[in-house]
Structures are given as C-alpha cells and as structure tokens.
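Listing of protein05.txt, compact mmCIF, C-alpha atoms
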```txt
# COMPACT_ATOMS: atom_id res chain seq x y z
CA MET A 1 31.41 -4.27 -0.68
CA PRO A 2 28.38 -2.02 -0.36
CA ASN A 3 24.82 -2.99 -1.12
CA TYR A 4 23.05 -0.93 -3.73
CA ILE A 5 19.33 -0.28 -3.78
CA PHE A 6 18.01 1.46 -6.87
CA ILE A 7 14.48 2.83 -6.57
CA GLU A 8 13.06 3.19 -10.06
CA SER A 9 9.95 5.38 -10.27
CA ARG A 10 9.82 5.96 -14.03
CA ASP A 11 8.32 3.74 -16.69
CA PRO A 12 10.43 2.83 -19.73
CA PHE A 13 7.81 4.01 -22.22
CA ASP A 14 7.85 7.57 -20.90
CA SER A 15 11.50 7.72 -19.82
CA PRO A 16 14.12 6.08 -22.06
CA ASP A 17 16.72 6.99 -19.42
CA THR A 18 15.54 4.00 -17.38
CA SER A 19 18.09 2.08 -19.46
CA PHE A 20 20.89 4.04 -17.73
CA LEU A 21 19.70 2.74 -14.39
CA ALA A 22 19.61 -0.83 -15.72
CA ASP A 23 23.11 -0.47 -17.19
CA THR A 24 24.50 0.98 -13.95
CA ALA A 25 22.85 -1.68 -11.80
CA THR A 26 24.11 -4.44 -14.11
CA SER A 27 27.66 -3.07 -14.03
CA LEU A 28 27.67 -2.92 -10.25
CA LYS A 29 26.37 -6.48 -10.07
CA ARG A 30 29.10 -7.70 -12.42
CA ARG A 31 31.67 -6.19 -10.04
CA GLY A 32 30.34 -8.37 -7.23
CA ASN A 33 28.05 -5.94 -5.42
CA ASP A 34 24.71 -6.93 -3.97
CA VAL A 35 22.18 -4.99 -6.07
CA THR A 36 18.40 -4.66 -5.73
CA VAL A 37 16.03 -2.70 -7.96
CA PHE A 38 12.76 -1.66 -6.32
CA LEU A 39 10.07 -0.59 -8.81
CA VAL A 40 7.56 1.97 -7.60
CA GLN A 41 4.92 4.25 -9.16
CA ASN A 42 4.82 4.02 -12.97
CA ALA A 43 7.97 1.89 -13.05
CA VAL A 44 5.78 -1.13 -12.28
CA LEU A 45 4.24 -0.77 -15.77
CA ALA A 46 7.39 -2.51 -17.00
CA THR A 47 6.58 -5.67 -15.06
CA ARG A 48 3.89 -6.90 -17.47
CA LYS A 49 4.97 -9.95 -19.46
CA GLN A 50 3.79 -8.28 -22.66
CA ALA A 51 5.82 -5.11 -22.04
CA ARG A 52 8.25 -5.20 -24.95
CA LYS A 53 10.30 -2.15 -24.04
CA SER A 54 11.36 -3.30 -20.62
CA GLN A 55 14.76 -3.33 -19.00
CA LEU A 56 13.72 -6.02 -16.55
CA PRO A 57 15.01 -9.07 -18.50
CA GLN A 58 18.48 -7.50 -18.49
CA LEU A 59 18.33 -7.01 -14.73
CA ILE A 60 16.95 -10.47 -14.01
CA GLU A 61 19.48 -12.22 -16.26
CA SER A 62 22.23 -10.39 -14.38
CA GLY A 63 21.04 -11.88 -11.10
CA ILE A 64 19.72 -8.61 -9.71
CA ALA A 65 16.78 -8.88 -7.33
CA VAL A 66 13.81 -7.03 -8.84
CA LEU A 67 11.00 -6.07 -6.48
CA ALA A 68 7.72 -4.36 -7.40
CA ASP A 69 5.77 -2.24 -4.93
CA ASP A 70 2.43 -3.91 -4.16
CA PHE A 71 0.62 -0.58 -3.71
CA SER A 72 1.77 0.69 -7.12
CA LEU A 73 0.76 -2.58 -8.79
CA ARG A 74 -2.67 -2.47 -7.15
CA GLU A 75 -3.22 1.17 -8.16
CA ARG A 76 -2.56 0.24 -11.80
CA GLY A 77 -4.61 -2.97 -11.78
CA ILE A 78 -1.63 -5.23 -12.42
CA GLN A 79 -2.11 -8.75 -11.04
CA SER A 80 0.87 -10.82 -9.92
CA ASP A 81 0.17 -13.44 -12.62
CA GLU A 82 0.55 -10.70 -15.26
CA CYS A 83 4.10 -9.97 -14.14
CA GLN A 84 7.28 -11.33 -15.60
CA ALA A 85 8.78 -14.32 -13.83
CA ASN A 86 11.31 -13.49 -11.11
CA VAL A 87 9.75 -10.11 -10.35
CA LYS A 88 8.72 -10.31 -6.72
CA THR A 89 5.94 -8.26 -5.18
CA ALA A 90 7.17 -6.32 -2.14
CA THR A 91 5.83 -3.91 0.44
CA ILE A 92 7.09 -0.49 1.40
CA ASP A 93 8.13 -2.12 4.72
CA GLN A 94 10.57 -4.28 2.79
CA LEU A 95 11.99 -1.20 1.12
CA VAL A 96 12.58 0.40 4.54
CA ASP A 97 14.38 -2.78 5.67
CA LEU A 98 16.60 -2.66 2.60
CA LEU A 99 17.40 1.01 3.16
CA LEU A 100 18.40 0.32 6.76
CA GLN A 101 20.85 -2.47 5.97
CA GLU A 102 24.36 -1.47 6.94
CA ASN A 103 26.60 -0.19 4.17
CA THR A 104 23.77 0.38 1.71
CA ARG A 105 23.68 3.08 -0.94
CA ALA A 106 20.27 4.23 -2.10
CA ILE A 107 19.68 5.81 -5.48
CA TRP A 108 16.28 7.20 -6.49
CA HIS A 109 15.46 7.58 -10.17
CA MET B 1 25.77 3.77 15.18
CA ALA B 2 23.49 2.26 17.82
CA GLU B 3 20.01 3.32 16.75
CA LYS B 4 18.90 3.09 13.16
CA LYS B 5 17.79 6.33 11.60
CA LEU B 6 16.62 7.25 8.13
CA THR B 7 16.92 10.65 6.48
CA ILE B 8 14.85 11.59 3.44
CA ALA B 9 15.18 14.73 1.31
CA ILE B 10 12.12 15.69 -0.72
CA MET B 11 11.69 18.51 -3.22
CA ASP B 12 8.37 18.17 -5.03
CA ALA B 13 5.51 20.57 -4.35
CA PRO B 14 2.22 19.08 -3.11
CA TYR B 15 -0.35 17.63 -5.50
CA GLU B 16 2.20 17.28 -8.30
CA LYS B 17 3.95 13.94 -8.21
CA ALA B 18 3.42 10.39 -6.99
CA SER B 19 6.89 10.66 -5.42
CA THR B 20 5.39 12.67 -2.57
CA THR B 21 3.01 9.83 -1.75
CA THR B 22 5.86 7.32 -1.88
CA ALA B 23 8.04 9.48 0.37
CA LEU B 24 5.26 9.82 2.95
CA ARG B 25 4.64 6.05 2.78
CA ILE B 26 8.33 5.39 3.49
CA VAL B 27 8.26 7.81 6.45
CA SER B 28 5.10 6.17 7.80
CA ALA B 29 6.48 2.63 7.40
CA ALA B 30 9.76 3.52 9.11
CA LEU B 31 8.03 5.20 12.07
CA LYS B 32 5.74 2.18 12.49
CA LYS B 33 8.87 0.03 12.72
CA GLY B 34 10.13 2.28 15.53
CA ILE B 35 12.78 3.92 13.34
CA ASP B 36 13.65 7.59 13.86
CA VAL B 37 13.17 9.60 10.68
CA ASN B 38 14.45 12.96 9.50
CA VAL B 39 12.78 14.77 6.62
CA PHE B 40 14.44 17.71 4.92
CA ALA B 41 11.89 19.50 2.72
CA TYR B 42 13.53 21.51 0.00
CA GLU B 43 12.18 23.74 -2.78
CA GLY B 44 8.45 23.20 -3.41
CA ALA B 45 8.21 20.50 -0.75
CA VAL B 46 8.12 23.20 1.95
CA ASN B 47 4.49 23.74 0.90
CA LEU B 48 3.52 20.22 1.98
CA ALA B 49 3.00 21.39 5.55
CA MET B 50 1.19 24.67 4.77
CA LYS B 51 -1.57 25.16 7.34
CA ASP B 52 -3.82 27.14 4.97
CA GLN B 53 -4.57 24.14 2.75
CA ALA B 54 -8.28 23.35 2.73
CA PRO B 55 -10.18 20.29 1.54
CA HIS B 56 -12.67 20.94 -1.22
CA ALA B 57 -15.89 19.58 -2.64
CA ASN B 58 -15.88 17.75 -5.99
CA PRO B 59 -18.19 19.47 -8.48
CA VAL B 60 -17.58 16.76 -11.09
CA LYS B 61 -18.93 14.05 -8.81
CA GLY B 62 -21.32 16.41 -7.03
CA THR B 63 -19.94 15.54 -3.62
CA THR B 64 -19.67 17.86 -0.63
CA VAL B 65 -16.48 18.58 1.30
CA GLU B 66 -17.54 16.03 3.92
CA GLN B 67 -18.42 13.35 1.35
CA GLU B 68 -15.24 13.92 -0.62
CA GLU B 69 -12.90 13.57 2.39
CA HIS B 70 -10.24 15.21 0.26
CA PRO B 71 -6.82 14.48 1.76
CA THR B 72 -4.43 17.38 2.20
CA THR B 73 -0.67 17.01 2.51
CA LYS B 74 -0.68 19.16 5.66
CA GLU B 75 -2.86 16.50 7.32
CA PHE B 76 -0.44 13.75 6.27
CA VAL B 77 2.47 15.73 7.70
CA ARG B 78 0.54 16.55 10.88
CA SER B 79 -0.40 12.91 11.46
CA LEU B 80 3.15 11.68 10.82
CA LEU B 81 4.48 14.26 13.30
CA GLU B 82 1.91 13.00 15.81
CA ILE B 83 3.19 9.42 15.38
CA GLY B 84 6.78 10.66 15.62
CA LYS B 85 6.51 13.04 18.54
CA GLY B 86 8.32 10.78 20.99
CA SER B 87 9.98 7.51 20.27
CA PRO B 88 10.24 6.94 17.36
CA GLN B 89 10.93 10.54 16.53
CA LEU B 90 10.16 12.38 13.32
CA THR B 91 12.16 15.56 12.72
CA TRP B 92 10.77 17.62 9.85
CA ILE B 93 12.84 20.59 8.68
CA ASN B 94 11.77 23.00 5.95
CA CYS B 95 14.53 24.81 4.07
CA GLY B 96 14.36 28.41 5.32
CA LEU B 97 15.34 30.07 2.03
CA CYS B 98 12.74 27.99 0.17
CA VAL B 99 10.15 29.03 2.77
CA ASP B 100 10.95 32.71 2.35
CA GLU B 101 10.84 32.52 -1.45
CA ARG B 102 7.41 30.93 -1.34
CA GLY B 103 5.98 32.71 1.68
CA ALA B 104 5.31 29.26 3.13
CA VAL B 105 5.57 30.41 6.72
CA ASN B 106 2.30 29.23 8.25
CA VAL B 107 2.96 25.50 8.70
CA VAL B 108 1.58 22.79 10.97
CA ASP B 109 2.99 22.52 14.49
CA GLY B 110 6.23 20.61 14.81
CA VAL B 111 7.74 21.62 11.47
CA LYS B 112 11.08 23.36 11.97
CA ARG B 113 13.02 25.81 9.89
CA GLY B 114 16.59 25.02 8.87
CA SER B 115 19.22 25.01 6.17
CA PRO B 116 21.16 22.53 4.04
CA ALA B 117 23.64 22.42 6.93
CA ASP B 118 20.92 20.66 8.94
CA PHE B 119 20.45 18.19 6.11
CA PHE B 120 24.18 17.47 6.08
CA LYS B 121 24.15 16.88 9.85
CA MET B 122 21.09 14.62 9.61
CA ALA B 123 22.65 12.63 6.78
CA THR B 124 25.93 12.08 8.64
CA GLU B 125 24.04 10.87 11.73
CA SER B 126 21.76 8.47 9.84
CA THR B 127 22.01 4.85 8.84
CA ASN B 128 21.04 5.88 5.34
CA THR B 129 19.86 8.89 3.35
CA LEU B 130 17.46 8.85 0.45
CA VAL B 131 17.26 11.87 -1.84
CA ILE B 132 14.09 12.06 -3.92
CA PRO B 133 14.85 14.70 -6.54
CA THR B 134 12.53 16.59 -8.84
CA ARG B 135 12.68 15.36 -12.38
```
Kindly transcribe the structure held in the file into structure tokens.
Amino acid sequence: MPNYIFIESRDPFDSPDTSFLADTATSLKRRGNDVTVFLVQNAVLATRKQARKSQLPQLIESGIAVLADDFSLRERGIQSDECQANVKTATIDQLVDLLLQENTRAIWH
Amino acid sequence: MAEKKLTIAIMDAPYEKASTTTALRIVSAALKKGIDVNVFAYEGAVNLAMKDQAPHANPVKGTTVEQEEHPTTKEFVRSLLEIGKGSPQLTWINCGLCVDERGAVNVVDGVKRGSPADFFKMATESTNTLVIPTR
C-alpha cells in the first residue's frame, strides 16, 4: 500500500475546505494506508489547543501522524506547549525525507 | 531507481504567497541532503528568476537599500542553482509559453526554457513529484 503525505498550507478559519483534506486523509487511513499530514504556513494556526474550529482532533483520533513545520510555528509565535497533544514539531528536512520514501504520494493543499 | 530525485512544480508569482518560500525551502533542504532536484516553474512562477528584480529601500522604516537587505526571489534562485550546479544537481525549467506571455525572458544564468513535456519527463524519472498549485 502506498504512503500518503498531505501538506496542508491553509488554516481552517480562512479555508473551510481543510475539512475535505481531513476527511480524505481519514478515509485513506481507515483503508490501512500510512498517512501523514504536514502542516505548514497558516495551517499551523490550527495547532493551538484553544483553536475550536480545527480538524486536528479528527486526524489524531484516526491515528494519523500530524507534524507542524517549526519555521511556520516560529513565524507565528506559537510555542510547542501551546499546541495540541500529539502534534509533533518537524523540520523541512523531515518533510523531504517523507517525500523521498518509496511509494509515497504527495498532495499539497 | 538508483538515485533519489525530487521534482517540484510551482505556479505562484513572486512576492505573493508563502508557498513560494516553502517551495524554495524544500529545494534547499533536498539539495543540502545531496538529492537532485528538478523545478518546473509554470505560470507566474517564471518571474521568480527575473534578472531585472532590484532590492529597494524601506521608506516606512527609513532604511536604505543596504540597511534593508531586501531579499529578491532571483537571488534565491541564483543561490540554489549555485548549490545545485554539480552534484547534487538542480535543474530549473521555466515554461516557455508562460515566459512569452509575461515577457519574462531575462532570467538568471542556469534557468532553462521548456514545456510541460519536460515536466512529464522529470516526474517520470523522479522518486516523487510535488505540485504546489495556485489557489
């Protein structure tokens, strides 16, 4: 089965269509695929614990690995202790490693 | 496929979207790992490498050109091509039709002209391909 890496660049407050990404990622995970969601740019605004309109709980409960770009977090002044549990801070190097795994499909949103 | 290679398609014009910064960060990170990278610049992204871009002063802050150190996308592209001029290799192709439409002919050294057929070839020869679309 292929690996899927979704790169989410939009925040859920500005772009309600982020829910489509969450639904697609969740469906693929349910079918047994290895799925990762990498949050970058304004998508990291959803990582705050107080963010009510966030698709992240759905992803995390589904067992999907959720990574947040450290550069994007730093730009927006979001500290790691402000983030929801199970959201891991990651570097762009880690994203490159994920993209270069064999049999991996990358989807940018 | 022996050597790993990454292909990225970008479409956004310079100074518009954070996606351009992210794309250039991915290219930089891959090259620093020794990975060959192909970039296919489509639509407004062909302007990223335009040689005529000039840094400017900041009248709001009252800083000079030198103090401002305003980054231009042509300098990012030029420096990435410098890193990727051997091994690892960066191949940067601007879509020829997009170039003609925009008159974006005068680009930094190392940028090539091509077509979507080149993108197809790059994608089929790569470990993975990431398309970063406009919104």
Given only C-alpha atoms as the counted atoms, nearest of A:Ser72, A:Glu102, A:Ser15, A:Leu45 to B:Ser19: A:Ser72
Nearby residues, (4.3, -0.4, -7.8) file frame, 12 Å, all atoms listed in the file, as a ChimeraX atom specification: /A:7-11,37-48,66-80,83,87-92,95 /B:18-19,21-22
Counting only C-alpha atoms, the option among B:Cys98, B:Ala54, B:Val37, B:Ala13 closest to chain A: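 Smallest distance to chain A is found for B:Val37.
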Quick one: which chain A residues come within 6 Å of chain B, and what is the nearest atom pair for each with the distance in Å to one decimal, counting all atoms listed in the file, rows ordered by chain and ascending number, as CSV?
```
residue,atom,partner,partner_atom,distance
A:Asp93,CA,B:Ala29,CA,5.7
A:Ala106,CA,B:Leu130,CA,6.0
A:Trp108,CA,B:Ile132,CA,5.9
```
Quick one: write out the picked residues with C-alpha atoms as a PDB file, in the frame of the given file?
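After the write, out-v2.pdb holds the following:
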```pdb
ATOM      1  CA  ASP A  93       8.130  -2.120   4.720  1.00  0.00           C
ATOM      2  CA  ALA A 106      20.270   4.230  -2.100  1.00  0.00           C
ATOM      3  CA  TRP A 108      16.280   7.200  -6.490  1.00  0.00           C
TER       4      TRP A 108
END
```
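Around B:Pro14, within 7 Å and counting only C-alpha atoms, the residues found are Ala45, Asn47, Leu48 and Thr73 of chain B, once anything fewer than 4 positions away on its own chain is removed.
Nearest to B:Leu80 of all the residues B:Asp100, B:Glu66, B:Asp36, B:Glu43 is B:Asp36, based on all atoms listed in the file.
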Distance in Å - atom CA of A:Ile5 versus atom CA of B:Asn38: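 Spanning atom CA of A:Ile5 to atom CA of B:Asn38 is a straight-line distance of 19.4 Å.
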Option closest in space to B:Ser79, from B:Ser115, B:Ala49, B:Glu16, B:Val39 [counting all atoms listed in the file]: B:Ala49
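The gap separating atom CA of A:Leu59 from atom CA of A:Ala22 is 6.4 Å, in Å to one decimal.
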Report as lines of an AutoDock Vina configuration file the centre and the edge lengths, in Å to one decimal, of the axis-aligned box holding every listed atom of stretch 46-52 of chain A, padded by 4 Å on each side.
```
center_x = 6.0
center_y = -6.2
center_z = -20.0
size_x = 12.5
size_y = 15.4
size_z = 17.9
```
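Put simply, atom CA of A:Leu21 is 25.6 Å away from atom CA of B:Phe120.
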Pick from B:Pro71, B:Pro116, B:Gly110, B:Gly62, whichever lies nearest to B:Cys95 using only C-alpha atoms: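 The closest residue to B:Cys95 is B:Pro116.
Candidate residues B:Val108, B:Trp92, B:Glu3, B:Leu81 were compared for distance to B:Gly34, and the nearest is B:Glu3, using only C-alpha atoms.
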Exercise: A:Gln58 partners within 10 Å, only C-alpha atoms, chain neighbours under 2 positions left out, as a PyMOL selection string: chain A and resi 19+22-23+25-26+54-56+60-64
Expected answer as a VMD selection string: all residues with atoms within 9 Å of (33.9, -3.2, -1.2), only C-alpha atoms: chain A and resid 1 to 2 32 to 33
